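Enquirer: Just dropping this structure here.
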Amino acid sequence: MTSVGGNSVQDSHLEAWVPRGLLTIPANVLEGRATAEGLCPMRIDWQAGRLRRVELIAIDASSPPQHVLLPRLVEPHAHLDKAFTWADFPNLSGSYSGALAANLLEHQQRTLLGVRQRAERALQLALQHGLRAVRSHVDSVGPHCDLSWEALLDLQRQWQDRLTLQLVALVPVEHWSTSAGKKLAQKVAASGGLMGGVLVPPCNGPAPRHALRKMLLLADQLGCAIDLHIDEANSHYATGVQQLLRVLDGIKVSVPITCSHASTLGLLPPAELCRIAERMADHQINVVALPMTNGWLLAKQPRRTPVERPIAPIHQLQVAGISVAVGGDNVQDPWFPAGNFDPLSLMAFSLPLAHLAPWQRLGLAPFTTAAAHLMDLAWDGTLQPGSPADLILVKASSWAELLAAKPDRRVLINGTWLDEQTMATTTST
Ligand SMILES: [Zn+2]
């Protein structure tokens, strides 16, 4: 029998630090019991895949908990169909146009086996790093879009016991007005997917509004949630979101709407941002901020380090009452050469890029509860009796240790440690 932090791997309980924002215990009970970083010493018991008890413990000064406990996390915005294509289709200029050109070239040469192998590698990493759900956009126009869907739907079925995979059809918004687009929408709806779209500048005038209106009505009719790539740019601040708001002012849509990127909102004057954020909140629009790819691709100029960054203004949107999640977006493809489907690494990089401090409730929510809400998952990620025994146990006793490079972690899925599952599979085959 091996042991981790004093707990035998056969135990169904452990003692660890839990972030205060993930507990449902009343604040007055936690008062004075958390560290300055908001970590609470807890004992967690689980049985039959569910948490049974979540209790505060007294700290023994000679042997305080050596681990931080988090729920398995979620990735609200990925691109599994193109992950790991950087080596064959690099974008050495690091520009948005260079990324698009390399992506289109890669799409011409895409194969079913290639998508399957790369997506499987991505899911394996996601699982090991502690993700329980991934929302992936899928290139859905062009010669090889059918094979991408075939490969990913197959993996969605194969992985459903380990990880939830949501798929979003990524097309230009106006594509949904065509007969091919309507056929695609039927297919997406039948497979439980989402309708996506790209809306980038200038997107002025009535044409984008007509396209958006048709897309929203079609999605509403089919019951498909929407997730848009919108205002991922460095000019024409928030024109996409403003077009969307004008359309929503005129029609009633009951499916959830997510704006991914929303980067140029961050460049608006404060009063204007405040007005737009309030209207977004009125329409219950969610936002996925993608600081890594926006930080890499946008505002790029030769031999100039950008100081002003187009990035979703996460704090200001939260203040307006908008649910904001943070996603990793592209991984080792023409749009971004780094990344590895590691939510803890994403959390660490979001410190300097987005000023998100995970020891603050609103700094942690974009990676936990807000991301789960946005993906409409059954569990919001809070740890209370009855929650799934789906956890990440990190060898750390502070946020600084947790955010250090490559933290040592174990993943508990449905009450069983992932490394034990792997051992059992290996021994039985
Ligand atoms: Zn994306």
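We label chains A, B, ... in the order they appear in the structure tokens, count residues from 1 in each chain, and number ligands from 1 in the order shown.
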Neighbours of ligand 1 at 8 Å or closer, counting only C-alpha atoms and all ligand atoms: which residues, as a list of chain:residue names?

Expert: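 Based on only C-alpha atoms and all ligand atoms, ligand 1 is surrounded within 8 Å by A:His77, A:Ala78, A:His79, A:His137, A:His229, A:Ser260, A:His261, A:Asp329, A:Asn330.
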
Enquirer: Generate the output file for the selected residues, N, CA and C atoms, as a tab-separated table (two decimals), in the first residue's frame.

Expert:
chain	number	residue	atom	x	y	z
A	77	HIS	N	-13.30	26.50	-23.27
A	77	HIS	CA	-13.06	26.91	-24.66
A	77	HIS	C	-11.75	26.29	-25.18
A	78	ALA	N	-11.90	25.27	-26.03
A	78	ALA	CA	-10.72	24.62	-26.62
A	78	ALA	C	-10.99	24.38	-28.11
A	79	HIS	N	-9.97	23.90	-28.80
A	79	HIS	CA	-10.08	23.55	-30.23
A	79	HIS	C	-9.38	22.20	-30.42
A	137	HIS	N	-14.59	23.96	-29.77
A	137	HIS	CA	-15.11	24.44	-31.04
A	137	HIS	C	-14.53	23.56	-32.14
A	229	HIS	N	-17.27	33.41	-31.31
A	229	HIS	CA	-15.96	34.07	-31.29
A	229	HIS	C	-16.24	35.51	-31.69
A	260	SER	N	-17.31	34.38	-26.50
A	260	SER	CA	-15.91	34.04	-26.26
A	260	SER	C	-15.02	35.16	-26.81
A	261	HIS	N	-13.93	35.41	-26.16
A	261	HIS	CA	-12.95	36.47	-26.45
A	261	HIS	C	-13.43	37.81	-25.89
A	329	ASP	N	-8.15	28.07	-24.75
A	329	ASP	CA	-8.24	28.25	-26.21
A	329	ASP	C	-7.30	27.27	-26.93
A	330	ASN	N	-6.41	27.79	-27.74
A	330	ASN	CA	-5.61	26.92	-28.61
A	330	ASN	C	-4.42	26.32	-27.89

Enquirer: If we count only C-alpha atoms and set the cut-off at 9 Å, which residues sit around segment 94-96 of chain A, ignoring sequence neighbours fewer than 4 positions away in its own chain? Please answer as JSON, numbers by chain.

Expert: {"A": [90, 100, 101, 233, 296, 297, 298, 299, 300, 301, 334, 335, 336, 337]}

Enquirer: Let me make sure I understand: among A:Gln160, A:Ser323, A:Ser148, A:Ser140, which one has the smallest atom-to-atom distance to Leu194 of chain A if we use only C-alpha atoms?

Expert: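 Counting only C-alpha atoms, the residue closest to Leu194 of chain A is A:Ser140.
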
Enquirer: Pick out each residue of segment 118-267 of chain A that DSSP on the backbone tags as helix (DSSP H, G or I); I need them as number ranges by chain.

Expert: A: 118-129, 145-158, 173-177, 179-190, 206-222, 239-250, 263-267

Enquirer: Give me the residues within 6 Å of Ala133 of chain A as a PyMOL selection string, counting only C-alpha atoms and dropping any in the same chain fewer than 2 places off.

Expert: chain A and resi 74+131+163-165

Enquirer: Store the residues of this selection in a file with N, CA and C atoms, as an mmCIF file, in the first residue's frame.

Expert:
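Final output, saved to selection.cif:
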data_model
loop_
_atom_site.group_PDB
_atom_site.id
_atom_site.type_symbol
_atom_site.label_atom_id
_atom_site.label_comp_id
_atom_site.auth_asym_id
_atom_site.auth_seq_id
_atom_site.Cartn_x
_atom_site.Cartn_y
_atom_site.Cartn_z
ATOM 1 N N VAL A 74 -12.918 22.608 -15.239
ATOM 2 C CA VAL A 74 -13.520 22.547 -16.570
ATOM 3 C C VAL A 74 -12.790 23.495 -17.521
ATOM 4 N N LEU A 131 -9.113 17.825 -15.533
ATOM 5 C CA LEU A 131 -10.325 18.402 -16.140
ATOM 6 C C LEU A 131 -11.442 17.374 -16.164
ATOM 7 N N LEU A 163 -15.141 12.048 -18.871
ATOM 8 C CA LEU A 163 -15.044 13.473 -19.141
ATOM 9 C C LEU A 163 -16.182 13.895 -20.072
ATOM 10 N N THR A 164 -16.800 15.045 -19.766
ATOM 11 C CA THR A 164 -17.861 15.574 -20.641
ATOM 12 C C THR A 164 -17.225 16.383 -21.761
ATOM 13 N N LEU A 165 -17.574 16.062 -22.985
ATOM 14 C CA LEU A 165 -17.050 16.816 -24.127
ATOM 15 C C LEU A 165 -18.207 17.507 -24.844
#
